[in-house]
>>> print(open('structure_29.pdb').read())   # PDB, C-alpha atoms
ATOM      1  CA  MET A   7      18.825 -25.989  12.063
ATOM      2  CA  ARG A   8      16.033 -26.550  14.524
ATOM      3  CA  GLU A   9      12.694 -27.162  12.853
ATOM      4  CA  THR A  10       9.630 -25.403  14.237
ATOM      5  CA  LEU A  11       6.071 -25.842  13.056
ATOM      6  CA  HIS A  12       3.636 -22.994  13.669
ATOM      7  CA  LEU A  13       0.024 -24.138  14.028
ATOM      8  CA  CYS A  14      -2.424 -21.250  13.776
ATOM      9  CA  ALA A  15      -6.083 -20.971  14.697
ATOM     10  CA  THR A  16      -7.030 -19.241  11.419
ATOM     11  CA  ALA A  17      -5.764 -19.193   7.851
ATOM     12  CA  ARG A  18      -5.211 -15.445   8.033
ATOM     13  CA  LEU A  19      -3.017 -15.832  11.091
ATOM     14  CA  ALA A  20      -0.997 -18.524   9.332
ATOM     15  CA  GLN A  21      -0.523 -16.247   6.327
ATOM     16  CA  THR A  22       0.591 -13.426   8.608
ATOM     17  CA  ARG A  23       2.993 -15.760  10.380
ATOM     18  CA  ARG A  24       4.608 -16.685   7.053
ATOM     19  CA  ALA A  25       4.802 -13.047   5.969
ATOM     20  CA  THR A  26       6.453 -11.806   9.188
ATOM     21  CA  PRO A  27      10.218 -11.470   8.621
ATOM     22  CA  ALA A  28      12.802 -12.161  11.248
ATOM     23  CA  ALA A  29      15.110  -9.419  12.498
ATOM     24  CA  ARG A  30      17.588  -9.857   9.666
ATOM     25  CA  CYS A  31      17.914  -9.117   5.986
ATOM     26  CA  ALA A  32      17.275 -12.700   4.809
ATOM     27  CA  TRP A  33      15.098 -15.244   6.523
ATOM     28  CA  ARG A  34      13.578 -18.639   5.977
ATOM     29  CA  THR A  35       9.800 -18.581   5.568
ATOM     30  CA  PRO A  36       8.307 -20.127   8.707
ATOM     31  CA  LEU A  37       6.273 -23.302   8.298
ATOM     32  CA  ALA A  38       2.869 -21.978   9.369
ATOM     33  CA  LEU A  39      -0.344 -23.948   8.843
ATOM     34  CA  THR A  40      -3.791 -24.166  10.297
ATOM     35  CA  LEU A  41      -4.565 -27.228  12.358
ATOM     36  CA  ALA A  42      -6.830 -28.574   9.606
ATOM     37  CA  GLN A  43      -4.115 -28.046   6.968
ATOM     38  CA  TRP A  44      -1.590 -29.945   9.051
ATOM     39  CA  PHE A  45      -4.001 -32.821   9.620
ATOM     40  CA  ASP A  46      -4.664 -32.948   5.862
ATOM     41  CA  ALA A  47      -0.904 -33.158   5.219
ATOM     42  CA  LEU A  48      -0.582 -36.007   7.741
ATOM     43  CA  ALA A  49      -3.461 -37.890   6.130
ATOM     44  CA  GLU A  50      -1.836 -37.510   2.722
ATOM     45  CA  GLU A  51       1.481 -38.725   4.136
ATOM     46  CA  ALA A  52      -0.236 -41.752   5.656
ATOM     47  CA  ALA A  53      -1.844 -42.608   2.319
ATOM     48  CA  LEU A  54       1.404 -42.235   0.358
ATOM     49  CA  THR A  55       3.649 -44.112   2.770
ATOM     50  CA  GLY A  56       1.169 -46.769   3.848
ATOM     51  CA  ILE A  57       1.436 -45.907   7.534
ATOM     52  CA  ALA A  58      -2.255 -46.647   8.002
ATOM     53  CA  ASP A  59      -5.268 -47.475   5.884
ATOM     54  CA  LEU A  60      -7.392 -44.454   6.672
ATOM     55  CA  PRO A  61     -10.937 -43.899   5.387
ATOM     56  CA  MET A  62     -11.542 -41.196   2.827
ATOM     57  CA  ALA A  63     -12.476 -37.894   4.445
ATOM     58  CA  LEU A  64     -15.742 -36.370   3.298
ATOM     59  CA  ASP A  65     -15.625 -32.754   2.219
ATOM     60  CA  PRO A  66     -18.366 -30.475   3.599
ATOM     61  CA  PHE A  67     -20.479 -30.742   0.442
ATOM     62  CA  ALA A  68     -20.385 -34.546   0.317
ATOM     63  CA  GLU A  69     -21.051 -34.822   4.048
ATOM     64  CA  GLY A  70     -24.039 -32.500   3.716
ATOM     65  CA  LEU A  71     -25.519 -34.615   0.926
ATOM     66  CA  LEU A  72     -25.101 -37.764   3.004
ATOM     67  CA  TRP A  73     -26.854 -36.173   5.973
ATOM     68  CA  GLU A  74     -29.697 -35.048   3.699
ATOM     69  CA  GLN A  75     -30.192 -38.591   2.440
ATOM     70  CA  ILE A  76     -30.187 -40.028   5.958
ATOM     71  CA  ILE A  77     -32.605 -37.434   7.345
ATOM     72  CA  ALA A  78     -34.984 -37.681   4.384
ATOM     73  CA  THR A  79     -35.044 -41.476   4.735
ATOM     74  CA  ALA A  80     -35.705 -41.245   8.469
ATOM     75  CA  LEU A  81     -38.541 -38.748   8.072
ATOM     76  CA  ALA A  82     -40.094 -40.739   5.204
ATOM     77  CA  ASP A  83     -43.433 -39.201   4.147
ATOM     78  CA  ASP A  84     -42.987 -36.208   6.451
ATOM     79  CA  ALA A  85     -39.721 -35.090   4.778
ATOM     80  CA  ALA A  86     -41.559 -32.607   2.557
ATOM     81  CA  LEU A  87     -42.661 -30.688   5.657
ATOM     82  CA  PHE A  88     -39.111 -29.873   6.773
ATOM     83  CA  ASP A  89     -36.133 -27.892   5.515
ATOM     84  CA  ILE A  90     -33.892 -30.894   4.922
ATOM     85  CA  PRO A  91     -30.715 -28.952   3.869
ATOM     86  CA  SER A  92     -30.831 -26.827   7.037
ATOM     87  CA  MET A  93     -31.388 -29.883   9.193
ATOM     88  CA  ALA A  94     -28.464 -31.614   7.458
ATOM     89  CA  ALA A  95     -26.184 -28.651   8.136
ATOM     90  CA  ALA A  96     -27.176 -28.664  11.808
ATOM     91  CA  ALA A  97     -26.596 -32.416  12.011
ATOM     92  CA  ALA A  98     -23.127 -32.099  10.458
ATOM     93  CA  GLU A  99     -22.242 -29.404  12.988
ATOM     94  CA  ALA A 100     -23.524 -31.561  15.841
ATOM     95  CA  GLN A 101     -21.511 -34.517  14.561
ATOM     96  CA  ALA A 102     -18.332 -32.409  14.557
ATOM     97  CA  LEU A 103     -19.022 -31.226  18.109
ATOM     98  CA  THR A 104     -19.482 -34.773  19.361
ATOM     99  CA  ARG A 105     -16.125 -35.713  17.822
ATOM    100  CA  VAL A 106     -14.226 -32.697  19.097
ATOM    101  CA  TRP A 107     -15.687 -32.701  22.604
ATOM    102  CA  HIS A 108     -16.069 -36.470  23.106
ATOM    103  CA  LEU A 109     -19.826 -36.166  23.634
ATOM    104  CA  ARG A 110     -21.517 -39.515  24.153
ATOM    105  CA  PRO A 111     -24.342 -38.838  26.627
ATOM    106  CA  ALA A 112     -26.760 -41.484  27.773
ATOM    107  CA  ILE A 113     -29.834 -41.640  25.554
ATOM    108  CA  ALA A 114     -32.178 -41.636  28.557
ATOM    109  CA  ALA A 115     -30.932 -38.183  29.560
ATOM    110  CA  LEU A 116     -31.523 -36.623  26.126
ATOM    111  CA  ALA A 117     -34.416 -34.564  24.853
ATOM    112  CA  ASP A 118     -36.561 -35.827  22.007
ATOM    113  CA  GLU A 119     -34.654 -33.831  19.370
ATOM    114  CA  ALA A 120     -31.313 -35.127  20.635
ATOM    115  CA  ARG A 121     -32.594 -38.687  20.592
ATOM    116  CA  LEU A 122     -33.682 -38.186  17.012
ATOM    117  CA  PHE A 123     -30.180 -36.997  16.141
ATOM    118  CA  THR A 124     -28.556 -40.044  17.749
ATOM    119  CA  GLY A 125     -30.579 -42.222  15.391
ATOM    120  CA  TRP A 126     -29.388 -40.225  12.398
ATOM    121  CA  GLN A 127     -25.851 -40.317  13.739
ATOM    122  CA  ALA A 128     -25.886 -44.102  14.000
ATOM    123  CA  ALA A 129     -27.131 -44.358  10.406
ATOM    124  CA  PHE A 130     -24.466 -41.883   9.286
ATOM    125  CA  GLU A 131     -21.668 -43.881  10.887
ATOM    126  CA  ARG A 132     -22.977 -47.146   9.418
ATOM    127  CA  ARG A 133     -23.047 -45.639   5.930
ATOM    128  CA  CYS A 134     -19.545 -44.244   6.356
ATOM    129  CA  GLN A 135     -18.127 -47.498   7.669
ATOM    130  CA  LYS A 136     -19.667 -49.468   4.816
ATOM    131  CA  ALA A 137     -18.385 -47.076   2.131
ATOM    132  CA  GLY A 138     -14.979 -46.340   3.696
ATOM    133  CA  TRP A 139     -15.747 -42.717   4.520
ATOM    134  CA  ILE A 140     -15.222 -40.560   7.583
ATOM    135  CA  ASP A 141     -16.038 -37.010   8.622
ATOM    136  CA  ALA A 142     -13.231 -34.478   9.034
ATOM    137  CA  ALA A 143     -13.241 -34.422  12.835
ATOM    138  CA  GLY A 144     -13.296 -38.204  12.945
ATOM    139  CA  LEU A 145     -10.236 -38.331  10.707
ATOM    140  CA  GLN A 146      -8.434 -35.906  12.999
ATOM    141  CA  ARG A 147      -9.150 -38.239  15.919
ATOM    142  CA  ARG A 148      -7.632 -41.113  13.954
ATOM    143  CA  LEU A 149      -4.520 -39.086  13.167
ATOM    144  CA  ILE A 150      -4.025 -38.107  16.810
ATOM    145  CA  ALA A 151      -4.169 -41.782  17.738
ATOM    146  CA  LEU A 152      -1.516 -42.539  15.106
ATOM    147  CA  ILE A 153       0.722 -39.788  16.494
ATOM    148  CA  ALA A 154       0.397 -41.272  19.966
ATOM    149  CA  ASP A 155       1.318 -44.696  18.552
ATOM    150  CA  GLY A 156       4.563 -43.382  17.084
ATOM    151  CA  ALA A 157       3.578 -42.714  13.475
ATOM    152  CA  PHE A 158       4.867 -39.803  11.365
ATOM    153  CA  VAL A 159       8.096 -37.829  11.541
ATOM    154  CA  LEU A 160       7.290 -34.853  13.722
ATOM    155  CA  PRO A 161       9.081 -31.503  14.044
ATOM    156  CA  GLU A 162      11.218 -30.845  17.088
ATOM    157  CA  ARG A 163       9.041 -27.958  18.247
ATOM    158  CA  ILE A 164       5.445 -26.931  17.571
ATOM    159  CA  GLU A 165       4.120 -23.507  18.485
ATOM    160  CA  PHE A 166       0.405 -22.823  18.740
ATOM    161  CA  HIS A 167      -0.883 -19.380  17.768
ATOM    162  CA  GLY A 168      -4.307 -17.892  18.433
ATOM    163  CA  PHE A 169      -5.820 -20.800  20.379
ATOM    164  CA  ASP A 170      -7.424 -18.865  23.221
ATOM    165  CA  ARG A 171      -9.553 -21.761  24.454
ATOM    166  CA  ARG A 172      -8.441 -25.261  23.571
ATOM    167  CA  THR A 173     -10.931 -28.023  22.855
ATOM    168  CA  PRO A 174     -10.570 -31.592  24.151
ATOM    169  CA  LEU A 175      -9.380 -32.628  20.689
ATOM    170  CA  GLU A 176      -6.575 -30.060  20.849
ATOM    171  CA  ASP A 177      -5.702 -31.144  24.395
ATOM    172  CA  ASP A 178      -5.473 -34.746  23.208
ATOM    173  CA  LEU A 179      -3.164 -33.615  20.420
ATOM    174  CA  LEU A 180      -0.910 -31.810  22.904
ATOM    175  CA  THR A 181      -0.763 -34.930  25.069
ATOM    176  CA  ALA A 182       0.168 -37.093  22.079
ATOM    177  CA  LEU A 183       2.867 -34.635  20.987
ATOM    178  CA  ALA A 184       4.333 -34.446  24.486
ATOM    179  CA  GLY A 185       4.425 -38.236  24.602
ATOM    180  CA  ARG A 186       6.479 -38.208  21.410
ATOM    181  CA  GLY A 187       8.999 -35.776  22.887
ATOM    182  CA  VAL A 188       7.910 -32.786  20.833
ATOM    183  CA  GLU A 189       8.496 -29.439  22.511
ATOM    184  CA  VAL A 190       5.184 -27.592  22.539
ATOM    185  CA  GLY A 191       4.814 -23.894  23.237
ATOM    186  CA  GLU A 192       2.648 -20.857  22.747
ATOM    187  CA  GLY A 193       3.931 -18.632  19.979
ATOM    188  CA  PRO A 194       4.090 -14.848  20.240
ATOM    189  CA  SER A 195       1.058 -12.962  19.075
ATOM    190  CA  VAL A 196       1.323 -11.470  15.604
ATOM    191  CA  LYS A 197      -0.911  -8.692  14.380
ATOM    192  CA  PRO A 198      -2.763  -9.569  11.168
ATOM    193  CA  LEU A 199      -1.610  -7.510   8.227
ATOM    194  CA  SER A 200      -3.868  -4.927   6.689
ATOM    195  CA  LEU A 201      -3.993  -4.092   2.998
ATOM    196  CA  ASP A 202      -1.287  -1.441   3.302
ATOM    197  CA  GLY A 203       1.135  -3.832   5.020
ATOM    198  CA  ARG A 204       0.766  -2.413   8.519
ATOM    199  CA  GLY A 205      -0.504  -4.405  11.432
ATOM    200  CA  VAL A 206      -4.161  -4.009  12.275
ATOM    201  CA  GLY A 207      -4.418  -1.607  15.150
ATOM    202  CA  GLU A 208      -0.900  -0.284  14.625
ATOM    203  CA  ARG A 209      -0.548   3.396  15.354
ATOM    204  CA  VAL A 210       0.555   5.523  12.442
ATOM    205  CA  ALA A 211       2.316   8.841  12.932
ATOM    206  CA  VAL A 212       0.310  11.609  11.287
ATOM    207  CA  SER A 213       1.209  15.302  11.276
ATOM    208  CA  PRO A 214      -1.425  17.286  13.120
ATOM    209  CA  ALA A 215      -3.625  19.453  10.961
ATOM    210  CA  PRO A 216      -3.272  23.220  11.461
ATOM    211  CA  PRO A 217      -6.026  24.724  13.603
ATOM    212  CA  PRO A 218      -8.820  26.407  11.638
ATOM    213  CA  PRO A 219      -8.867  30.219  11.625
ATOM    214  CA  PRO A 220     -11.165  31.794  14.204
ATOM    215  CA  PRO A 221     -14.528  32.736  12.736
ATOM    216  CA  HIS A 222     -15.374  36.402  12.366
ATOM    217  CA  PRO A 223     -18.111  37.415  14.769
ATOM    218  CA  PRO A 224     -21.207  38.837  13.094
ATOM    219  CA  PRO A 225     -21.334  42.595  12.952
ATOM    220  CA  GLY A 226     -23.161  43.934  15.990
ATOM    221  CA  ARG A 227     -25.043  47.096  16.544
ATOM    222  CA  GLY A 228     -23.784  49.860  18.665
ATOM    223  CA  GLY A 229     -20.162  48.852  18.302
ATOM    224  CA  GLY A 230     -20.702  45.418  19.818
ATOM    225  CA  GLY A 231     -19.165  43.547  16.847
ATOM    226  CA  ALA A 232     -16.333  43.840  14.384
ATOM    227  CA  PRO A 233     -16.799  46.591  11.813
ATOM    228  CA  PRO A 234     -17.630  45.467   8.298
ATOM    229  CA  PRO A 235     -14.796  45.565   5.777
ATOM    230  CA  PRO A 236     -14.415  48.922   4.004
ATOM    231  CA  ARG A 237     -15.917  49.222   0.567
ATOM    232  CA  PRO A 238     -13.606  50.088  -2.308
ATOM    233  CA  PRO A 239     -13.830  53.714  -3.474
ATOM    234  CA  PRO A 240     -15.975  54.311  -6.559
ATOM    235  CA  HIS A 241     -14.195  54.900  -9.843
ATOM    236  CA  PRO A 242     -13.899  58.619 -10.697
ATOM    237  CA  PRO A 243     -16.241  59.687 -13.500
ATOM    238  CA  GLN A 244     -14.586  60.123 -16.845
ATOM    239  CA  SER A 245     -14.915  63.575 -18.377
ATOM    240  CA  ALA A 246     -16.859  63.764 -21.565
ATOM    241  CA  PRO A 247     -14.732  64.528 -24.571
ATOM    242  CA  GLY A 248     -14.883  68.042 -25.852
ATOM    243  CA  TRP A 249     -16.973  68.761 -28.939
TER     244      TRP A 249
END
>>> encode(input="structure_29.pdb", output="C-alpha cells")
Amino acid sequence: MRETLHLCATARLAQTRRATPAARCAWRTPLALTLAQWFDALAEEAALTGIADLPMALDPFAEGLLWEQIIATALADDAALFDIPSMAAAAAEAQALTRVWHLRPAIAALADEARLFTGWQAAFERRCQKAGWIDAAGLQRRLIALIADGAFVLPERIEFHGFDRRTPLEDDLLTALAGRGVEVGEGPSVKPLSLDGRGVGERVAVSPAPPPPPPHPPPGRGGGGAPPPPRPPPHPPQSAPGW
C-alpha cells in the first residue's frame, strides 16, 4: 500500500483530515500532522536512533525566560524602566522570523532597535550553543539539512494542505524532499468540521417556513376598512320564579 503523509497548516485541519472518511465503508485513518508535529517526530527519531546529535529544543516558556535574562542583563540598571516579558516575546518572534526567512541583513543598514536586537540575538545563540539548546525554528532548519543529506525514512508521497503562502523554510523543505525522490503535491481542500459534524459553510436543507397570515387592516370610518367582528348576542334574561 502506498504511504502518504498529509502535512497541514493548522492542527484543526490535521484533525479534520484524519476524521474525513474515504468513499468506502472501512478506511485507514490518514497520517495527518502539522509541520511542527512532523518535525518533532523526526527529532525524536534522530535522538532514538542516533542519526544525529541534535541540541535540545527550547519550548516557548523556556525560550521566553532565556530572552528575559539576556535582555535584562543587556539593559542593566535601566531594565526596571521596560516591560521585559513583552520585549522577550517580541525578541523570540523576531528570532523565529530570522530563522524561517533567512534574514541576516547588514548591521550598517539596520535601525537602532534592530541593532540592539542583533546584540541580544548573538548573546542568545552563545548561551544556546554553550548549554546545548536551540530554538524551534533553528531545530527545523537542522532537520531539513538532515533530510537533504539522506537521513530518515521518508514516505513515498507527502501532500501539503492549507499552505496558501509558503515561507523560505517550507520551500527549502520541498527542495530537500524532491531531492530524496519524495512525490510532493497539494492535497484537496477539506472543510473543517463544525460541532454537529457538518462542514463549516456547508449548506443545509431546511423546509421553508409557512408565510405569516396577512394582518387585518384597522377598521376605517365610512366603510373604508374591514367591519369589526360581530358581538355575541346577550344571554336572555331568566324569568323570576313564581311566588
>>> atom_distance(input="structure_29.pdb", atom1="CA of Trp139 (chain A)", atom2="CA of Leu60 (chain A)")
8.8 Å
>>> resolve_selection(input="structure_29.pdb", expression="the PyMOL selection byres ((chain A and resi 110) around 12)", output="PyMOL selection string")
chain A and resi 100-101+103-109+111-116+120-121+124+127-128
>>> resolve_selection(input="structure_29.pdb", expression="the PyMOL selection byres ((chain A and resi 10) around 6)", output="JSON, numbers by chain")
{"A": [9, 11, 163, 164]}
>>> atom_distance(input="structure_29.pdb", atom1="CA of Gly138 (chain A)", atom2="CA of Pro61 (chain A)")
5.0 Å
>>> closest_residue(input="structure_29.pdb", among="A:Ile140, A:Ala95, A:Leu179, A:Val159", to="Ala52 (chain A)", atoms="only C-alpha atoms")
A:Val159
>>> atom_distance(input="structure_29.pdb", atom1="CA of Gly56 (chain A)", atom2="CA of Ala151 (chain A)")
15.7 Å
>>> decode(input="structure_29.pdb", residues="region 31-57 of chain A", atoms="N, CA, C and O atoms", output="short mmCIF file (atom, residue, chain, number, x, y, z; two decimals), in the first residue's frame")
data_model
loop_
_atom_site.label_atom_id
_atom_site.label_comp_id
_atom_site.auth_asym_id
_atom_site.auth_seq_id
_atom_site.Cartn_x
_atom_site.Cartn_y
_atom_site.Cartn_z
N CYS A 31 -16.83 1.82 3.07
CA CYS A 31 -17.34 1.56 4.40
C CYS A 31 -16.23 1.53 5.45
O CYS A 31 -16.43 1.96 6.58
N ALA A 32 -15.07 1.01 5.12
CA ALA A 32 -13.94 0.94 6.04
C ALA A 32 -12.74 1.63 5.41
O ALA A 32 -12.52 1.53 4.20
N TRP A 33 -12.00 2.36 6.21
CA TRP A 33 -10.87 3.09 5.68
C TRP A 33 -9.77 3.16 6.73
O TRP A 33 -10.00 3.01 7.92
N ARG A 34 -8.58 3.38 6.25
CA ARG A 34 -7.43 3.55 7.12
C ARG A 34 -7.28 5.04 7.44
O ARG A 34 -7.31 5.87 6.55
N THR A 35 -7.14 5.35 8.74
CA THR A 35 -7.03 6.75 9.14
C THR A 35 -5.80 7.37 8.49
O THR A 35 -4.68 6.86 8.64
N PRO A 36 -5.97 8.46 7.77
CA PRO A 36 -4.81 9.08 7.12
C PRO A 36 -3.80 9.60 8.15
O PRO A 36 -4.17 10.01 9.25
N LEU A 37 -2.55 9.55 7.80
CA LEU A 37 -1.49 10.10 8.65
C LEU A 37 -1.42 11.59 8.37
O LEU A 37 -0.85 12.03 7.37
N ALA A 38 -2.03 12.38 9.24
CA ALA A 38 -2.14 13.82 9.07
C ALA A 38 -1.53 14.51 10.29
O ALA A 38 -1.95 14.26 11.42
N LEU A 39 -0.54 15.35 10.06
CA LEU A 39 0.15 16.07 11.12
C LEU A 39 0.36 17.52 10.69
O LEU A 39 0.32 17.85 9.51
N THR A 40 0.59 18.37 11.68
CA THR A 40 1.07 19.70 11.35
C THR A 40 2.57 19.61 11.04
O THR A 40 3.23 18.62 11.36
N LEU A 41 3.09 20.65 10.44
CA LEU A 41 4.51 20.65 10.10
C LEU A 41 5.35 20.56 11.37
O LEU A 41 6.37 19.85 11.42
N ALA A 42 4.95 21.29 12.41
CA ALA A 42 5.69 21.25 13.67
C ALA A 42 5.64 19.86 14.30
O ALA A 42 6.64 19.38 14.86
N GLN A 43 4.48 19.19 14.24
CA GLN A 43 4.38 17.84 14.80
C GLN A 43 5.28 16.86 14.06
O GLN A 43 5.90 15.99 14.67
N TRP A 44 5.35 17.00 12.75
CA TRP A 44 6.22 16.10 11.99
C TRP A 44 7.69 16.35 12.30
O TRP A 44 8.47 15.42 12.46
N PHE A 45 8.07 17.60 12.41
CA PHE A 45 9.45 17.92 12.78
C PHE A 45 9.78 17.37 14.17
O PHE A 45 10.89 16.87 14.41
N ASP A 46 8.84 17.46 15.10
CA ASP A 46 9.06 16.91 16.44
C ASP A 46 9.27 15.40 16.38
O ASP A 46 10.12 14.84 17.09
N ALA A 47 8.48 14.72 15.53
CA ALA A 47 8.64 13.27 15.39
C ALA A 47 10.01 12.92 14.78
O ALA A 47 10.65 11.95 15.19
N LEU A 48 10.47 13.72 13.83
CA LEU A 48 11.79 13.48 13.23
C LEU A 48 12.90 13.71 14.26
O LEU A 48 13.88 12.95 14.30
N ALA A 49 12.76 14.74 15.07
CA ALA A 49 13.77 14.99 16.10
C ALA A 49 13.81 13.86 17.11
O ALA A 49 14.90 13.44 17.55
N GLU A 50 12.66 13.33 17.48
CA GLU A 50 12.62 12.21 18.40
C GLU A 50 13.25 10.96 17.76
O GLU A 50 13.98 10.22 18.42
N GLU A 51 12.97 10.74 16.48
CA GLU A 51 13.58 9.61 15.78
C GLU A 51 15.10 9.75 15.72
O GLU A 51 15.84 8.77 15.90
N ALA A 52 15.57 10.96 15.48
CA ALA A 52 17.02 11.18 15.43
C ALA A 52 17.67 10.92 16.78
O ALA A 52 18.77 10.36 16.86
N ALA A 53 16.98 11.29 17.87
CA ALA A 53 17.54 11.05 19.20
C ALA A 53 17.55 9.56 19.55
O ALA A 53 18.49 9.07 20.18
N LEU A 54 16.51 8.84 19.14
CA LEU A 54 16.41 7.42 19.49
C LEU A 54 17.34 6.55 18.66
O LEU A 54 17.88 5.55 19.15
N THR A 55 17.51 6.90 17.40
CA THR A 55 18.32 6.07 16.51
C THR A 55 19.77 6.53 16.40
O THR A 55 20.60 5.82 15.81
N GLY A 56 20.07 7.70 16.94
CA GLY A 56 21.43 8.20 16.86
C GLY A 56 21.81 8.72 15.49
O GLY A 56 23.01 8.74 15.15
N ILE A 57 20.84 9.12 14.70
CA ILE A 57 21.15 9.67 13.37
C ILE A 57 22.02 10.90 13.48
O ILE A 57 22.98 11.09 12.72
#
